[in-house]
Amino acid sequence: MDKAEIGLIGLGTMGSNLALNIAEKGHSIAVFNRTVSRVDEFRAGAGQLAERIVPCRDLDELAQAIRPPRPVIIMVAAGTPVDEQIAALRRKLQPNDIVIDAGNANFHDTVRRFKELEGSGLTFIGMGVSGGEEGARHGPSIMVGGTEESWKRVEPVLAAIAARFRGEPCAAWLGPDGAGHFVKTIHNGIEYADMQMIAEIYGILRDGLGMEAKEIAPVFAHWNEGRLNSYLIEITAKVLAADDPKTGRPMVDMILDRAGQKGTGKWSAIEAQQLGVPATTIEAAVAARVLSSFKGERLEAEKMYHDLPTERIGGGREALLADLEFALLAGKIAAYAQGFAIMAGASREFGWNLPMPTIAKIWRAGCIIRSAMLDTMAEALASGGAEENLLMAPAFVALMKESHSSLRRIVARAALAGLPVPALASALGYFDAYRQGRGTSNLIQAQRDFFGAHGFERIDDKGAFHGQWE
Ligand code: 6PG
């Protein structure tokens with residue numbers, strides 16, 4: 001058998017699916033797993049694809065099996081296991097070989113690993129992969145950071161396994177060292193915001209309109225045929241329609257309202273803060289997940305405040321449903337605007353020169369936040385005017401003008417009814433603050449000068465000034 005085109009370590013769910021995808025697209029792949037029995041088990045279950053899978057019992061065999069320069073994908077748990085695996089590979093690989101971390105790494109770790117490998121002859125790729133199990137198996141969105149040379153070595157394989165949008169592969173080289181993992185992190189921040197806003201709209205339908213899951217499902221299915229068309233809206237409709245085999249009740253009603261998180265959403269918010277980029281909707285979504293985990297405390301607080309209103313929302317249902325659809329649209333635009341602004345900030349700060357239109361393009365298929373709107377975003381980012389903020393792109397100016405009043409009404413009605421909509425409310429606040437030419441920070445500057453002599457700028461003169469406050 002010819003040498004394998006690429007190697008992969010870690011045959012967990014994501015690793016196995018990625019390996020099968022690579023084999024299916026015609027590339028032979030050498031695989032290794034720490035629990036070695038898994039290697040044979042995996043190959044045995046690969047059916048006809050087994051002929052393109054080279055099972056390896058140790059790292060020496062793996063290194064032998066791959067065509068140099070050898071790219072080796074590591075698909076193990078993020079953190080220390082990645083460092084351990086790199087250390088083990090260093091002893092086995094040759095100059096110019098490429099270690100690829102395909103997990104959800106913190107980009108700071110990726111930058112560090114990149115530096116640590118400098119001088120060793122090996123190069124490193126930090127690769128964000130989105131699309132869950134299904135994506136890994138049949139076409140993920142792939143965000144690559146590393147040297148252009150190492151990208152060129154793996155491009156044929158990665159382009160072959162990636163999802164396609166109108167024939168274009170959703171895989172791209174986005175910049176050096178941590179660029180790929182950074183972009184994946186922001187993808188996840190947007191994912192959190194998108195999911196939280198959908199959950200808030202579900203909350204209004206459930207608690208404000210008293211609708212059952214089965215009634216809400218077709219609402220989302222209908223929205224999925226319109227401008228909100230996206231993977232997350234599609235699966236929301238399916239999730240709401242599913243029954244619990246144990247009780248026969250809607251599955252979603254049997255699930256505890258406590259959301260988990262692995263950290264990437266939080267990293268997005270942290271990086272936004274570090275870069276000085278406002279990302280209120282992403283932050284609100286992360287905070288909402290955290291608050292969801294305080295189940296016991298929330299139950300106590302509900303008792304404490306039982307006499308406060310949590311009311312039904314009255315009025316015409318059709319008009320309200322139309323408002324909810326457009327509110328979600330407006331909120332989503334604000335969240336994406338924040339995500340792209342964080343990436344623009346990082347691009348400046350780290351000198352990455354991130355290709356924004358390409359990022360939008362490779363998110364159009366395969367990834368969790370894929371949506372029809374990303375195609376419009378890719379066009380808007382490519383045609384200029386949105387360098388600072390997507391909200392300045394003519395297409396999105398038009399969309400916001402069309403949808404902001406729905407967002408306003410929904411946030412106001414939810415607030416009056418006592419229904420929490422922190423992410424939608426933050427999206428509205430972000431939009432209104434962003435479009436306010438004369439804000440209120442003149443007062444903050446005055447306060448800062450009052451208590452700390454911090455100084456301020458005047459509107460009619462250059463330089464730093466102090467007030468005579470008392
Ligand atoms: C993707 C997802 C994925 C992520 C899960 C869980 O793009 O395929 O972002 O990488 O791990 O969505 O993330 P949380 O556990 O933080 O919700």
# chains A, B, ... in the order shown; residues from 1 in each chain; ligands from 1
>>> closest_atom_pairs(of="chain A", to="ligand 1", cutoff="10 Å", atoms="only C-alpha atoms and all ligand atoms", output="CSV")
residue,atom,partner,partner_atom_place_in_ligand_line,distance
A:Met14,CA,ligand 1,8 (O),9.6
A:Gly103,CA,ligand 1,10 (O),8.0
A:Asn104,CA,ligand 1,10 (O),6.2
A:Ala105,CA,ligand 1,10 (O),9.9
A:Gly128,CA,ligand 1,10 (O),8.1
A:Val129,CA,ligand 1,7 (O),6.4
A:Ser130,CA,ligand 1,7 (O),3.4
A:Gly131,CA,ligand 1,8 (O),3.9
A:Gly132,CA,ligand 1,8 (O),4.0
A:Glu133,CA,ligand 1,8 (O),7.6
A:Glu134,CA,ligand 1,8 (O),9.1
A:Gly135,CA,ligand 1,8 (O),7.5
A:Ala136,CA,ligand 1,8 (O),8.5
A:Pro140,CA,ligand 1,8 (O),8.1
A:Ser141,CA,ligand 1,7 (O),8.2
A:Ile142,CA,ligand 1,7 (O),9.6
A:Lys184,CA,ligand 1,7 (O),7.3
A:Thr185,CA,ligand 1,9 (O),8.0
A:Ile186,CA,ligand 1,9 (O),9.5
A:His187,CA,ligand 1,7 (O),7.0
A:Asn188,CA,ligand 1,9 (O),4.9
A:Gly189,CA,ligand 1,9 (O),8.6
A:Ile190,CA,ligand 1,9 (O),9.4
A:Glu191,CA,ligand 1,9 (O),6.8
A:Tyr192,CA,ligand 1,17 (O),7.2
A:Met195,CA,ligand 1,17 (O),9.6
A:Ala259,CA,ligand 1,17 (O),7.9
A:Gly260,CA,ligand 1,15 (O),5.8
A:Gln261,CA,ligand 1,16 (O),3.6
A:Lys262,CA,ligand 1,16 (O),3.8
A:Gly263,CA,ligand 1,16 (O),5.3
A:Thr264,CA,ligand 1,16 (O),5.6
A:Gly265,CA,ligand 1,16 (O),6.1
A:Lys266,CA,ligand 1,16 (O),8.3
A:Trp267,CA,ligand 1,16 (O),10.0
A:Val286,CA,ligand 1,16 (O),9.4
A:Arg289,CA,ligand 1,17 (O),9.2
A:Trp363,CA,ligand 1,7 (O),9.9
A:Gly366,CA,ligand 1,8 (O),8.8
A:Cys367,CA,ligand 1,7 (O),5.6
A:Ile368,CA,ligand 1,7 (O),5.1
A:Ile369,CA,ligand 1,7 (O),7.5
A:Arg370,CA,ligand 1,7 (O),9.8
>>> write_last_selection(atoms="N, CA and C atoms", output="short mmCIF file (atom, residue, chain, number, x, y, z; two decimals), in the first residue's frame")
data_model
loop_
_atom_site.label_atom_id
_atom_site.label_comp_id
_atom_site.auth_asym_id
_atom_site.auth_seq_id
_atom_site.Cartn_x
_atom_site.Cartn_y
_atom_site.Cartn_z
N MET A 14 -15.39 12.49 17.35
CA MET A 14 -15.00 13.46 16.33
C MET A 14 -13.86 12.90 15.46
N GLY A 103 -8.79 20.16 17.87
CA GLY A 103 -9.77 20.30 18.95
C GLY A 103 -10.17 21.75 19.15
N ASN A 104 -11.04 21.98 20.12
CA ASN A 104 -11.46 23.35 20.45
C ASN A 104 -10.45 23.96 21.41
N ALA A 105 -9.27 24.31 20.91
CA ALA A 105 -8.22 24.83 21.79
C ALA A 105 -8.42 26.32 22.04
N GLY A 128 -9.67 24.92 13.68
CA GLY A 128 -11.03 24.89 14.22
C GLY A 128 -11.90 24.07 13.31
N VAL A 129 -12.66 23.15 13.90
CA VAL A 129 -13.56 22.30 13.11
C VAL A 129 -14.96 22.46 13.69
N SER A 130 -15.88 22.86 12.86
CA SER A 130 -17.26 23.00 13.35
C SER A 130 -18.22 22.13 12.57
N GLY A 131 -19.25 21.71 13.28
CA GLY A 131 -20.32 20.94 12.62
C GLY A 131 -20.73 19.71 13.40
N GLY A 132 -20.13 19.55 14.58
CA GLY A 132 -20.49 18.39 15.40
C GLY A 132 -20.13 17.09 14.72
N GLU A 133 -20.71 16.02 15.22
CA GLU A 133 -20.41 14.68 14.70
C GLU A 133 -20.74 14.54 13.23
N GLU A 134 -21.93 15.00 12.88
CA GLU A 134 -22.43 14.89 11.52
C GLU A 134 -21.51 15.66 10.55
N GLY A 135 -21.10 16.84 10.99
CA GLY A 135 -20.21 17.67 10.17
C GLY A 135 -18.88 16.97 9.96
N ALA A 136 -18.31 16.45 11.06
CA ALA A 136 -17.01 15.78 10.96
C ALA A 136 -17.09 14.63 9.95
N PRO A 140 -17.46 19.24 7.52
CA PRO A 140 -17.41 20.32 8.50
C PRO A 140 -16.98 21.63 7.86
N SER A 141 -17.01 22.67 8.64
CA SER A 141 -16.39 23.94 8.26
C SER A 141 -15.03 23.94 8.96
N ILE A 142 -13.98 24.29 8.22
CA ILE A 142 -12.63 24.13 8.75
C ILE A 142 -11.87 25.45 8.72
N LYS A 184 -12.55 30.06 15.39
CA LYS A 184 -13.49 29.03 15.89
C LYS A 184 -14.09 29.46 17.23
N THR A 185 -13.27 30.08 18.06
CA THR A 185 -13.77 30.55 19.36
C THR A 185 -14.89 31.58 19.16
N ILE A 186 -14.67 32.51 18.23
CA ILE A 186 -15.69 33.53 17.99
C ILE A 186 -16.92 32.90 17.33
N HIS A 187 -16.69 31.92 16.48
CA HIS A 187 -17.83 31.14 15.94
C HIS A 187 -18.69 30.64 17.10
N ASN A 188 -18.02 30.10 18.11
CA ASN A 188 -18.77 29.55 19.24
C ASN A 188 -19.44 30.65 20.07
N GLY A 189 -18.79 31.81 20.18
CA GLY A 189 -19.43 32.93 20.88
C GLY A 189 -20.73 33.31 20.18
N ILE A 190 -20.67 33.38 18.86
CA ILE A 190 -21.88 33.70 18.08
C ILE A 190 -22.90 32.56 18.25
N GLU A 191 -22.40 31.34 18.25
CA GLU A 191 -23.28 30.16 18.47
C GLU A 191 -24.05 30.30 19.80
N TYR A 192 -23.33 30.70 20.84
CA TYR A 192 -23.97 30.89 22.15
C TYR A 192 -25.07 31.96 22.05
N MET A 195 -28.08 30.74 19.99
CA MET A 195 -28.86 29.75 20.75
C MET A 195 -29.64 30.41 21.88
N ALA A 259 -27.98 24.66 31.45
CA ALA A 259 -27.16 24.43 30.25
C ALA A 259 -25.68 24.24 30.60
N GLY A 260 -25.05 23.34 29.88
CA GLY A 260 -23.62 23.11 30.08
C GLY A 260 -22.79 24.02 29.18
N GLN A 261 -21.51 24.02 29.39
CA GLN A 261 -20.61 24.77 28.50
C GLN A 261 -19.19 24.26 28.70
N LYS A 262 -18.45 24.29 27.60
CA LYS A 262 -17.07 23.79 27.69
C LYS A 262 -16.05 24.92 27.67
N GLY A 263 -16.49 26.15 27.50
CA GLY A 263 -15.53 27.25 27.67
C GLY A 263 -15.33 28.17 26.49
N THR A 264 -15.66 27.73 25.29
CA THR A 264 -15.34 28.58 24.14
C THR A 264 -16.17 29.87 24.10
N GLY A 265 -17.43 29.78 24.55
CA GLY A 265 -18.26 30.99 24.60
C GLY A 265 -17.66 32.00 25.56
N LYS A 266 -17.24 31.48 26.70
CA LYS A 266 -16.61 32.34 27.72
C LYS A 266 -15.33 32.96 27.16
N TRP A 267 -14.53 32.17 26.44
CA TRP A 267 -13.29 32.72 25.87
C TRP A 267 -13.61 33.87 24.91
N VAL A 286 -23.42 34.10 27.45
CA VAL A 286 -22.56 33.33 28.36
C VAL A 286 -23.11 33.44 29.78
N ARG A 289 -26.14 31.31 30.38
CA ARG A 289 -25.83 29.89 30.62
C ARG A 289 -25.40 29.67 32.06
N TRP A 363 -18.35 29.79 6.74
CA TRP A 363 -19.40 29.51 7.72
C TRP A 363 -20.76 29.28 7.03
N GLY A 366 -21.79 23.63 6.72
CA GLY A 366 -20.99 22.74 7.57
C GLY A 366 -21.00 23.08 9.04
N CYS A 367 -20.92 24.36 9.38
CA CYS A 367 -20.76 24.70 10.80
C CYS A 367 -22.12 24.86 11.49
N ILE A 368 -22.06 24.97 12.81
CA ILE A 368 -23.30 25.05 13.60
C ILE A 368 -24.05 26.36 13.33
N ILE A 369 -23.34 27.44 13.05
CA ILE A 369 -24.06 28.72 12.86
C ILE A 369 -24.35 29.00 11.38
N ARG A 370 -24.26 27.97 10.54
CA ARG A 370 -24.54 28.20 9.12
C ARG A 370 -25.97 28.75 8.96
#
>>> residues_around(residues="Ala63 (chain A)", least_positions_apart="5", cutoff="8 Å", atoms="only C-alpha atoms", output="PDB file with N, CA and C atoms, in the first residue's frame")
ATOM      1  N   ARG A  70       4.896  14.828   6.940  1.00  0.00           N
ATOM      2  CA  ARG A  70       3.737  14.124   7.509  1.00  0.00           C
ATOM      3  C   ARG A  70       2.790  15.041   8.283  1.00  0.00           C
ATOM      4  N   LYS A  92       9.058  11.435  17.471  1.00  0.00           N
ATOM      5  CA  LYS A  92       8.879  10.478  16.376  1.00  0.00           C
ATOM      6  C   LYS A  92       8.881  11.110  14.981  1.00  0.00           C
ATOM      7  N   LEU A  93       8.533  12.377  14.905  1.00  0.00           N
ATOM      8  CA  LEU A  93       8.388  13.009  13.586  1.00  0.00           C
ATOM      9  C   LEU A  93       9.711  13.596  13.095  1.00  0.00           C
TER      10      LEU A  93
END
>>> residues_around(residues="region 306-311 of chain A", least_positions_apart="3", cutoff="8 Å", atoms="only C-alpha atoms", output="ChimeraX atom specification")
/A:207-208,302-303,417-419
>>> atom_distance(atom1="CA of Ala285 (chain A)", atom2="CA of Met343 (chain A)")
18.1 Å
>>> select_by_dssp(residues="region 172-409 of chain A", states="strand (DSSP E or B)", output="JSON list (two decimals) with N, CA, C and O atoms, in the first residue's frame")
[["chain", "number", "residue", "atom", "x", "y", "z"],
["A", 172, "ALA", "N", -10.55, 27.01, 4.91],
["A", 172, "ALA", "CA", -9.63, 28.06, 4.46],
["A", 172, "ALA", "C", -8.51, 28.28, 5.45],
["A", 172, "ALA", "O", -8.66, 28.04, 6.66],
["A", 173, "TRP", "N", -7.42, 28.76, 4.92],
["A", 173, "TRP", "CA", -6.31, 29.22, 5.75],
["A", 173, "TRP", "C", -6.62, 30.67, 6.12],
["A", 173, "TRP", "O", -6.84, 31.51, 5.25],
["A", 174, "LEU", "N", -6.65, 30.95, 7.41],
["A", 174, "LEU", "CA", -7.10, 32.27, 7.85],
["A", 174, "LEU", "C", -5.98, 33.16, 8.38],
["A", 174, "LEU", "O", -6.18, 34.36, 8.57],
["A", 175, "GLY", "N", -4.81, 32.57, 8.62],
["A", 175, "GLY", "CA", -3.71, 33.38, 9.12],
["A", 175, "GLY", "C", -2.75, 32.54, 9.93],
["A", 175, "GLY", "O", -2.91, 31.32, 10.02],
["A", 230, "SER", "N", -31.68, 28.70, 8.85],
["A", 230, "SER", "CA", -30.37, 28.36, 9.44],
["A", 230, "SER", "C", -30.45, 27.00, 10.09],
["A", 230, "SER", "O", -31.54, 26.50, 10.41],
["A", 243, "ASP", "N", -40.58, 13.61, 20.87],
["A", 243, "ASP", "CA", -41.20, 13.09, 22.10],
["A", 243, "ASP", "C", -40.18, 12.34, 22.94],
["A", 243, "ASP", "O", -39.23, 11.77, 22.42],
["A", 250, "PRO", "N", -43.43, 15.86, 25.35],
["A", 250, "PRO", "CA", -42.38, 16.49, 24.54],
["A", 250, "PRO", "C", -41.03, 16.35, 25.24],
["A", 250, "PRO", "O", -40.92, 16.64, 26.43],
["A", 371, "SER", "N", -26.10, 29.71, 8.07],
["A", 371, "SER", "CA", -27.42, 30.31, 7.85],
["A", 371, "SER", "C", -27.42, 31.04, 6.53],
["A", 371, "SER", "O", -26.36, 31.41, 6.00]]
>>> residues_around(residues="Arg38 (chain A)", least_positions_apart="2", cutoff="12 Å", atoms="only C-alpha atoms", output="number ranges by chain")
A: 9-13, 15-16, 31-36, 40-45, 55-57
>>> closest_atom_pairs(of="region 173-223 of chain A", to="region 315-318 of chain A", cutoff="12 Å", atoms="only C-alpha atoms", output="tab-separated table")
residue	atom	partner	partner_atom	distance
A:Ile204	CA	A:Arg317	CA	11.8
A:Leu205	CA	A:Arg317	CA	9.9
A:Gly208	CA	A:Arg317	CA	10.8
A:Leu209	CA	A:Arg317	CA	8.2
A:Gly210	CA	A:Arg317	CA	11.2
A:Met211	CA	A:Arg317	CA	10.9
A:Val219	CA	A:Glu318	CA	10.7
>>> select_by_dssp(residues="region 333-441 of chain A", states="helix (DSSP H, G or I)", output="MDAnalysis selection string")
chainID A and resid 333:350 356:362 372:382 390:392 394:417 422:434 441
>>> residues_around(residues="Phe114 (chain A)", least_positions_apart="4", cutoff="8 Å", atoms="only C-alpha atoms", output="list in words")
Thr110, Glu118, Thr123, Phe124, Ile125 and Asp177 of chain A
>>> write_last_selection(atoms="N, CA, C and O atoms", output="CSV table (one decimal), in the first residue's frame")
chain,number,residue,atom,x,y,z
A,110,THR,N,-2.6,27.7,21.5
A,110,THR,CA,-2.2,27.4,20.1
A,110,THR,C,-0.9,28.3,19.8
A,110,THR,O,0.0,27.8,19.2
A,118,GLU,N,8.7,26.0,17.3
A,118,GLU,CA,9.7,26.7,16.5
A,118,GLU,C,11.1,26.2,16.8
A,118,GLU,O,11.5,26.1,17.9
A,123,THR,N,6.2,21.9,12.3
A,123,THR,CA,5.3,23.0,12.3
A,123,THR,C,4.0,22.6,12.9
A,123,THR,O,3.7,21.5,13.1
A,124,PHE,N,3.2,23.7,13.2
A,124,PHE,CA,2.0,23.4,13.9
A,124,PHE,C,0.8,24.1,13.2
A,124,PHE,O,1.0,25.2,12.7
A,125,ILE,N,-0.3,23.4,13.2
A,125,ILE,CA,-1.5,24.0,12.7
A,125,ILE,C,-2.6,23.9,13.8
A,125,ILE,O,-2.8,22.9,14.4
A,177,ASP,N,-0.4,31.1,13.2
A,177,ASP,CA,-0.5,30.5,14.5
A,177,ASP,C,-2.0,30.3,15.1
A,177,ASP,O,-2.7,29.4,14.7
>>> atom_distance(atom1="CA of Ala330 (chain A)", atom2="CA of Ala217 (chain A)")
21.0 Å
>>> closest_residue(among="A:Gly452, A:Pro355, A:Pro68, A:Gly429", to="Val183 (chain A)", atoms="only C-alpha atoms")
A:Pro355
>>> residues_around(residues="Gly126 (chain A)", least_positions_apart="4", cutoff="7 Å", atoms="only C-alpha atoms", output="number ranges by chain")
A: 100-102, 110, 144-146, 177-178, 180-181
>>> write_last_selection(atoms="C-alpha atoms", output="PDB file, in the first residue's frame")
ATOM      1  CA  ILE A 100      -2.448  19.625  13.618  1.00  0.00           C
ATOM      2  CA  ASP A 101      -4.564  20.279  16.689  1.00  0.00           C
ATOM      3  CA  ALA A 102      -8.164  19.906  15.526  1.00  0.00           C
ATOM      4  CA  THR A 110      -2.160  27.401  20.093  1.00  0.00           C
ATOM      5  CA  VAL A 144      -6.970  26.878   9.699  1.00  0.00           C
ATOM      6  CA  GLY A 145      -4.204  28.824  11.428  1.00  0.00           C
ATOM      7  CA  GLY A 146      -0.528  28.164  10.754  1.00  0.00           C
ATOM      8  CA  ASP A 177      -0.533  30.472  14.538  1.00  0.00           C
ATOM      9  CA  GLY A 178      -3.697  31.040  16.604  1.00  0.00           C
ATOM     10  CA  GLY A 180      -7.868  29.420  13.104  1.00  0.00           C
ATOM     11  CA  HIS A 181      -8.637  28.608  16.731  1.00  0.00           C
TER      12      HIS A 181
END
>>> closest_residue(among="A:Leu240, A:Ile342, A:Cys170, A:Ile233", to="Glu215 (chain A)", atoms="only C-alpha atoms")
A:Leu240
>>> residues_around(residues="Gln48 (chain A)", least_positions_apart="4", cutoff="12 Å", atoms="only C-alpha atoms", output="list in words")
Leu20, Ala23, Glu24, Gly26, Arg43, Ala44, Arg52 and Ile53 of chain A
>>> write_last_selection(atoms="C-alpha atoms", output="PDB file, in the first residue's frame")
ATOM      1  CA  LEU A  20     -13.975   8.144   7.882  1.00  0.00           C
ATOM      2  CA  ALA A  23     -11.070   7.941   3.722  1.00  0.00           C
ATOM      3  CA  GLU A  24     -14.396   8.401   1.943  1.00  0.00           C
ATOM      4  CA  GLY A  26     -10.337   9.048  -1.447  1.00  0.00           C
ATOM      5  CA  ARG A  43     -11.089  -0.226  11.093  1.00  0.00           C
ATOM      6  CA  ALA A  44     -13.351  -3.253  11.424  1.00  0.00           C
ATOM      7  CA  ARG A  52      -7.881   3.351   2.959  1.00  0.00           C
ATOM      8  CA  ILE A  53      -7.320   3.122   6.715  1.00  0.00           C
TER       9      ILE A  53
END
>>> closest_residue(among="A:Arg112, A:Ala179, A:Ile6, A:Ala88", to="Ile66 (chain A)", atoms="only C-alpha atoms")
A:Ile6
